file upload_21.cif (mmCIF, C-alpha atoms)
data_model
#
loop_
_atom_site.group_PDB
_atom_site.id
_atom_site.type_symbol
_atom_site.label_atom_id
_atom_site.label_comp_id
_atom_site.auth_asym_id
_atom_site.auth_seq_id
_atom_site.Cartn_x
_atom_site.Cartn_y
_atom_site.Cartn_z
ATOM 1 C CA MET A 181 0.000 0.000 0.000
ATOM 2 C CA GLY A 182 2.778 2.418 0.914
ATOM 3 C CA ALA A 183 4.419 1.906 -2.464
ATOM 4 C CA LEU A 184 1.167 2.562 -4.243
ATOM 5 C CA PHE A 185 0.702 5.991 -2.700
ATOM 6 C CA GLY A 186 4.312 7.119 -3.046
ATOM 7 C CA LYS A 187 5.581 9.391 -5.778
ATOM 8 C CA PRO A 188 4.723 7.752 -9.113
ATOM 9 C CA LYS A 189 7.636 6.349 -11.070
ATOM 10 C CA LYS A 190 7.089 6.539 -14.800
ATOM 11 C CA LYS A 191 7.824 3.414 -16.745
ATOM 12 C CA GLU A 192 8.181 2.913 -20.459
ATOM 13 C CA GLY A 193 5.381 4.660 -22.349
ATOM 14 C CA GLY A 194 4.612 7.064 -19.505
ATOM 15 C CA ILE A 195 2.788 4.418 -17.402
ATOM 16 C CA THR A 196 3.395 4.634 -13.640
ATOM 17 C CA ASP A 197 3.335 1.883 -11.023
ATOM 18 C CA GLN A 198 0.034 3.311 -9.804
ATOM 19 C CA ASP A 199 -1.425 3.028 -13.303
ATOM 20 C CA ARG A 200 -0.373 -0.601 -13.481
ATOM 21 C CA ALA A 201 -1.869 -1.310 -10.058
ATOM 22 C CA VAL A 202 -5.199 0.233 -11.048
ATOM 23 C CA LEU A 203 -5.210 -1.735 -14.287
ATOM 24 C CA GLN A 204 -4.549 -5.010 -12.460
ATOM 25 C CA LEU A 205 -7.282 -4.312 -9.931
ATOM 26 C CA LYS A 206 -9.790 -3.568 -12.677
ATOM 27 C CA GLN A 207 -8.821 -6.767 -14.472
ATOM 28 C CA GLN A 208 -9.359 -8.716 -11.241
ATOM 29 C CA ARG A 209 -12.708 -6.984 -10.808
ATOM 30 C CA ASP A 210 -13.782 -8.064 -14.288
ATOM 31 C CA LYS A 211 -12.778 -11.667 -13.566
ATOM 32 C CA LEU A 212 -14.799 -11.670 -10.351
ATOM 33 C CA LYS A 213 -17.834 -10.355 -12.188
ATOM 34 C CA GLN A 214 -17.493 -13.104 -14.794
ATOM 35 C CA TYR A 215 -17.211 -15.652 -11.968
ATOM 36 C CA GLN A 216 -20.338 -14.228 -10.329
ATOM 37 C CA LYS A 217 -22.260 -14.495 -13.566
ATOM 38 C CA LYS A 218 -21.146 -18.120 -14.007
ATOM 39 C CA ILE A 219 -22.094 -19.054 -10.422
ATOM 40 C CA THR A 220 -25.469 -17.352 -10.736
ATOM 41 C CA VAL A 221 -26.306 -19.395 -13.818
ATOM 42 C CA GLN A 222 -25.116 -22.594 -12.106
ATOM 43 C CA LEU A 223 -27.192 -21.902 -8.995
ATOM 44 C CA GLU A 224 -30.312 -21.606 -11.095
ATOM 45 C CA LYS A 225 -29.528 -24.891 -12.825
ATOM 46 C CA ASP A 226 -28.895 -26.652 -9.487
ATOM 47 C CA ARG A 227 -32.186 -25.392 -8.156
ATOM 48 C CA CYS A 228 -34.065 -26.747 -11.160
ATOM 49 C CA THR A 229 -32.167 -30.070 -10.905
ATOM 50 C CA ALA A 230 -32.946 -30.426 -7.174
ATOM 51 C CA LYS A 231 -36.612 -29.789 -7.919
ATOM 52 C CA GLN A 232 -36.572 -32.523 -10.557
ATOM 53 C CA LEU A 233 -34.825 -34.932 -8.163
ATOM 54 C CA LEU A 234 -37.501 -34.372 -5.562
ATOM 55 C CA HIS A 235 -40.128 -34.986 -8.192
ATOM 56 C CA ASP A 236 -38.390 -38.275 -9.019
ATOM 57 C CA GLY A 237 -38.300 -39.268 -5.369
ATOM 58 C CA LYS A 238 -34.556 -38.862 -5.023
ATOM 59 C CA LYS A 239 -34.639 -36.771 -1.884
ATOM 60 C CA ASP A 240 -31.068 -37.481 -0.730
ATOM 61 C CA LYS A 241 -29.571 -36.419 -4.047
ATOM 62 C CA ALA A 242 -31.715 -33.289 -4.057
ATOM 63 C CA LYS A 243 -30.528 -32.479 -0.532
ATOM 64 C CA ALA A 244 -26.852 -32.930 -1.495
ATOM 65 C CA LEU A 245 -27.318 -30.701 -4.501
ATOM 66 C CA LEU A 246 -28.937 -27.995 -2.367
ATOM 67 C CA ARG A 247 -25.967 -28.153 0.023
ATOM 68 C CA LYS A 248 -23.651 -27.562 -2.922
ATOM 69 C CA LYS A 249 -25.880 -24.698 -4.012
ATOM 70 C CA LYS A 250 -25.740 -23.180 -0.537
ATOM 71 C CA TYR A 251 -21.935 -23.314 -0.522
ATOM 72 C CA GLN A 252 -21.753 -21.627 -3.912
ATOM 73 C CA GLU A 253 -24.103 -18.905 -2.650
ATOM 74 C CA SER A 254 -21.675 -18.238 0.201
ATOM 75 C CA LEU A 255 -18.869 -17.908 -2.368
ATOM 76 C CA LEU A 256 -21.022 -15.502 -4.310
ATOM 77 C CA THR A 257 -21.446 -13.382 -1.189
ATOM 78 C CA LYS A 258 -17.676 -13.357 -0.704
ATOM 79 C CA THR A 259 -17.129 -12.156 -4.254
ATOM 80 C CA ASP A 260 -19.479 -9.236 -3.565
ATOM 81 C CA ALA A 261 -17.272 -8.182 -0.648
ATOM 82 C CA GLN A 262 -14.141 -8.606 -2.765
ATOM 83 C CA LEU A 263 -15.624 -6.485 -5.543
ATOM 84 C CA GLU A 264 -16.450 -3.762 -3.044
ATOM 85 C CA ASN A 265 -12.906 -3.823 -1.656
ATOM 86 C CA ILE A 266 -11.416 -3.646 -5.133
ATOM 87 C CA GLY A 267 -13.665 -0.720 -6.075
ATOM 88 C CA ASN A 268 -12.697 1.161 -2.917
ATOM 89 C CA LEU A 269 -9.005 0.522 -3.500
ATOM 90 C CA VAL A 270 -9.190 1.722 -7.098
ATOM 91 C CA GLN A 271 -10.916 4.912 -5.966
ATOM 92 C CA GLU A 272 -8.294 5.510 -3.270
ATOM 93 C CA ILE A 273 -5.415 5.082 -5.710
ATOM 94 C CA GLU A 274 -7.002 7.345 -8.315
ATOM 95 C CA PHE A 275 -7.784 9.977 -5.688
ATOM 96 C CA ALA A 276 -4.213 9.737 -4.366
ATOM 97 C CA GLN A 277 -2.966 10.411 -7.897
ATOM 98 C CA VAL A 278 -5.155 13.523 -8.086
ATOM 99 C CA GLU A 279 -3.873 14.664 -4.703
ATOM 100 C CA LEU A 280 -0.315 14.153 -5.861
ATOM 101 C CA GLN A 281 -0.967 16.305 -8.928
ATOM 102 C CA VAL A 282 -2.384 19.025 -6.674
ATOM 103 C CA VAL A 283 0.691 18.846 -4.433
ATOM 104 C CA GLU A 284 3.000 19.067 -7.450
ATOM 105 C CA GLY A 285 1.032 22.085 -8.665
ATOM 106 C CA LEU A 286 1.336 23.773 -5.277
ATOM 107 C CA LYS A 287 5.056 23.032 -5.252
ATOM 108 C CA SER A 288 5.505 24.641 -8.669
ATOM 109 C CA GLY A 289 3.442 27.631 -7.582
ATOM 110 C CA ASN A 290 5.527 28.118 -4.436
ATOM 111 C CA GLU A 291 8.744 27.952 -6.435
ATOM 112 C CA ALA A 292 7.385 30.559 -8.856
ATOM 113 C CA LEU A 293 6.449 32.829 -5.937
ATOM 114 C CA LYS A 294 9.910 32.447 -4.437
ATOM 115 C CA LYS A 295 11.524 33.478 -7.726
ATOM 116 C CA MET A 296 9.238 36.509 -7.935
ATOM 117 C CA HIS A 297 10.119 37.474 -4.374
ATOM 118 C CA GLN A 298 13.797 37.213 -5.239
ATOM 119 C CA LEU A 299 13.295 39.569 -8.177
ATOM 120 C CA MET A 300 11.464 42.144 -6.040
ATOM 121 C CA SER A 301 12.253 42.633 -2.372
ATOM 122 C CA LEU A 302 9.931 44.048 0.268
ATOM 123 C CA GLU A 303 11.907 47.301 0.227
ATOM 124 C CA ASP A 304 11.308 47.652 -3.517
ATOM 125 C CA VAL A 305 7.585 47.168 -3.052
ATOM 126 C CA GLU A 306 7.468 49.723 -0.236
ATOM 127 C CA LYS A 307 9.396 52.241 -2.344
ATOM 128 C CA ILE A 308 7.050 51.741 -5.284
ATOM 129 C CA MET A 309 4.053 52.206 -3.015
ATOM 130 C CA ASP A 310 5.553 55.386 -1.523
ATOM 131 C CA ASP A 311 6.344 56.803 -4.970
ATOM 132 C CA THR A 312 2.848 55.987 -6.125
ATOM 133 C CA GLN A 313 1.315 57.704 -3.107
ATOM 134 C CA GLU A 314 3.455 60.804 -3.671
ATOM 135 C CA ALA A 315 2.433 60.907 -7.329
ATOM 136 C CA VAL A 316 -1.226 60.614 -6.381
ATOM 137 C CA GLU A 317 -0.961 63.397 -3.824
ATOM 138 C CA TYR A 318 0.893 65.636 -6.276
ATOM 139 C CA GLN A 319 -1.751 65.059 -8.934
ATOM 140 C CA ARG A 320 -4.436 65.836 -6.366
ATOM 141 C CA GLU A 321 -2.755 69.169 -5.583
ATOM 142 C CA ILE A 322 -2.664 70.019 -9.286
ATOM 143 C CA ASP A 323 -6.321 69.114 -9.636
ATOM 144 C CA ASP A 324 -7.169 71.357 -6.684
ATOM 145 C CA LEU A 325 -5.297 74.254 -8.246
ATOM 146 C CA LEU A 326 -6.959 73.811 -11.622
ATOM 147 C CA SER A 327 -10.372 73.572 -10.020
ATOM 148 C CA GLY A 328 -10.066 77.055 -8.466
ATOM 149 C CA GLY A 329 -8.335 76.215 -5.251
ATOM 150 C CA LEU A 330 -6.197 79.430 -5.278
ATOM 151 C CA THR A 331 -6.851 82.177 -2.763
ATOM 152 C CA GLN A 332 -7.147 85.818 -3.729
ATOM 153 C CA GLU A 333 -3.645 86.415 -2.419
ATOM 154 C CA ASP A 334 -2.348 83.645 -4.663
ATOM 155 C CA GLU A 335 -4.118 85.205 -7.648
ATOM 156 C CA ASP A 336 -2.519 88.589 -6.864
ATOM 157 C CA ASP A 337 0.914 87.010 -6.701
ATOM 158 C CA VAL A 338 0.317 85.293 -10.049
ATOM 159 C CA LEU A 339 -0.731 88.580 -11.701
ATOM 160 C CA ALA A 340 2.284 90.416 -10.210
ATOM 161 C CA GLU A 341 4.648 87.749 -11.501
ATOM 162 C CA LEU A 342 2.978 87.903 -14.907
ATOM 163 C CA ASP A 343 3.434 91.699 -15.089
ATOM 164 C CA ASP A 344 7.069 91.314 -14.132
ATOM 165 C CA LEU A 345 7.615 88.777 -16.919
ATOM 166 C CA VAL A 346 5.903 91.067 -19.435
ATOM 167 C CA LYS A 347 8.168 93.967 -18.474
ATOM 168 C CA GLN A 348 11.258 91.811 -18.797
ATOM 169 C CA SER A 349 10.239 90.680 -22.283
ATOM 170 C CA LEU A 350 9.802 94.289 -23.655
ATOM 171 C CA PRO A 351 12.804 96.075 -25.322
ATOM 172 C CA ASP A 352 14.311 99.120 -23.651
ATOM 173 C CA VAL A 353 12.713 102.404 -24.846
ATOM 174 C CA PRO A 354 15.064 105.422 -25.020
ATOM 175 C CA THR A 355 13.990 108.451 -22.973
ATOM 176 C CA GLY A 356 14.401 112.144 -23.794
ATOM 177 C CA GLU A 357 14.456 113.973 -27.126
ATOM 178 C CA LEU A 358 16.626 112.753 -29.918
ATOM 179 C CA ASP A 359 19.250 115.038 -31.375
ATOM 180 C CA VAL A 360 18.718 114.816 -35.091
ATOM 181 C CA ASP A 361 22.313 115.628 -35.875
ATOM 182 C CA GLU A 362 23.671 113.040 -33.417
ATOM 183 C CA GLU A 363 21.160 110.261 -33.880
ATOM 184 C CA LEU A 364 20.580 110.413 -37.634
ATOM 185 C CA GLU A 365 23.839 110.130 -39.488
ATOM 186 C CA LEU A 366 23.414 110.188 -43.271
ATOM 187 C CA PRO A 367 26.146 109.151 -45.669
ATOM 188 C CA ASP A 368 27.924 111.974 -47.519
ATOM 189 C CA VAL A 369 26.854 112.457 -51.112
ATOM 190 C CA PRO A 370 29.422 114.023 -53.486
ATOM 191 C CA GLY A 371 28.401 117.585 -54.459
ATOM 192 C CA GLU A 372 25.632 117.693 -51.828
ATOM 193 C CA ARG A 373 25.363 120.962 -49.982
ATOM 194 C CA PRO A 374 25.220 121.002 -46.133
ATOM 195 C CA ARG A 375 21.807 122.696 -46.250
ATOM 196 C CA GLU A 376 20.333 119.877 -48.358
ATOM 197 C CA LYS A 377 21.765 117.284 -45.976
ATOM 198 C CA THR A 378 20.160 119.053 -43.007
ATOM 199 C CA ARG A 379 16.759 119.048 -44.744
ATOM 200 C CA LYS A 380 17.011 115.280 -45.260
ATOM 201 C CA LYS A 381 17.679 114.761 -41.537
ATOM 202 C CA GLU A 382 14.704 116.922 -40.560
ATOM 203 C CA ALA A 383 12.433 114.977 -42.961
ATOM 204 C CA LEU A 384 13.565 111.630 -41.512
ATOM 205 C CA ALA A 385 13.085 112.808 -37.974
ATOM 206 C CA ALA A 386 9.555 114.011 -38.748
ATOM 207 C CA SER A 387 8.535 110.722 -40.363
#

call {"tool": "encode", "arguments": {"input": "upload_21.cif", "output": "structure tokens"}}
result
Amino acid sequence: MGALFGKPKKKEGGITDQDRAVLQLKQQRDKLKQYQKKITVQLEKDRCTAKQLLHDGKKDKAKALLRKKKYQESLLTKTDAQLENIGNLVQEIEFAQVELQVVEGLKSGNEALKKMHQLMSLEDVEKIMDDTQEAVEYQREIDDLLSGGLTQEDEDDVLAELDDLVKQSLPDVPTGELDVDEELELPDVPGERPREKTRKKEALAAS
């Protein structure tokens, strides 16, 4: 029995010792059923024969035949018990094989979990969880701001900073009046009189 429920050893063709045991038990079961069928037919014949013997006045022979019939009936009862034992044993072996498959599956699952735990430690998981929580909180703050969560003071600060950026982006504007002679320098033209050059400067300054 102990060998039957141990770890199955695969033979040639992928058949285990447990498979062979189940097959042998089922073959024995079939033989017992054939024996039962044979005995049942014989008992019916003996009964008919004993009845005929009594009819012929052969009481002693009929009695001896009924004794034989009674013994065969006891054998038939024993075969019923043997069939029940064989059926129970087959079920136990088959169930043990299923249990073994479950155990092997659990073993494989535990090994897979161990490998996963080796790839990611508890500290890594905690760090990921912390980073995720920080990201969620940061996104919540952004959502609050976009949904109008700023105070009036915050709005004033934003407008002040915006004005400051606008001023920094504008070019410098010269102050005071421009001296036409200093600011507007025209190239000399051969034969051009100084008075004509001055009129050009005044026209440019007025434009």

call {"tool": "axis_aligned_box", "arguments": {"input": "upload_21.cif", "around": "stretch 322-327 of chain A", "padding_each_side": "4 Å", "output": "lines of an AutoDock Vina configuration file"}}
result
center_x = -6.5
center_y = 71.7
center_z = -9.2
size_x = 15.7
size_y = 13.1
size_z = 12.9

call {"tool": "atom_distance", "arguments": {"input": "upload_21.cif", "atom1": "atom CA of A:Ala230", "atom2": "atom CA of A:Lys211"}}
result
28.3 Å

call {"tool": "closest_residue", "arguments": {"input": "upload_21.cif", "among": "A:Val316, A:Val278, A:Leu205, A:Leu212", "to": "A:Ala261", "atoms": "all atoms listed in the file"}}
result
A:Leu212

call {"tool": "closest_residue", "arguments": {"input": "upload_21.cif", "among": "A:Thr196, A:Arg227, A:Val346, A:Lys206", "to": "A:Asn268", "atoms": "all atoms listed in the file"}}
result
A:Lys206

call {"tool": "atom_distance", "arguments": {"input": "upload_21.cif", "atom1": "atom CA of A:Lys243", "atom2": "atom CA of A:Lys218"}}
result
21.8 Å

call {"tool": "atom_distance", "arguments": {"input": "upload_21.cif", "atom1": "atom CA of A:Ser288", "atom2": "atom CA of A:Ile195"}}
result
22.2 Å

call {"tool": "residues_around", "arguments": {"input": "upload_21.cif", "residues": "A:Asp260", "least_positions_apart": "3", "cutoff": "12 Å", "atoms": "all atoms listed in the file", "output": "ChimeraX atom specification"}}
result
/A:209,212-213,215-217,253-257,263-267

call {"tool": "closest_residue", "arguments": {"input": "upload_21.cif", "among": "A:Gln252, A:Gln271, A:Gln207, A:Gln198", "to": "A:Leu223", "atoms": "all atoms listed in the file"}}
result
A:Gln252

call {"tool": "closest_residue", "arguments": {"input": "upload_21.cif", "among": "A:Asp197, A:Lys250, A:Gly237, A:Ile273", "to": "A:Glu224", "atoms": "all atoms listed in the file"}}
result
A:Lys250
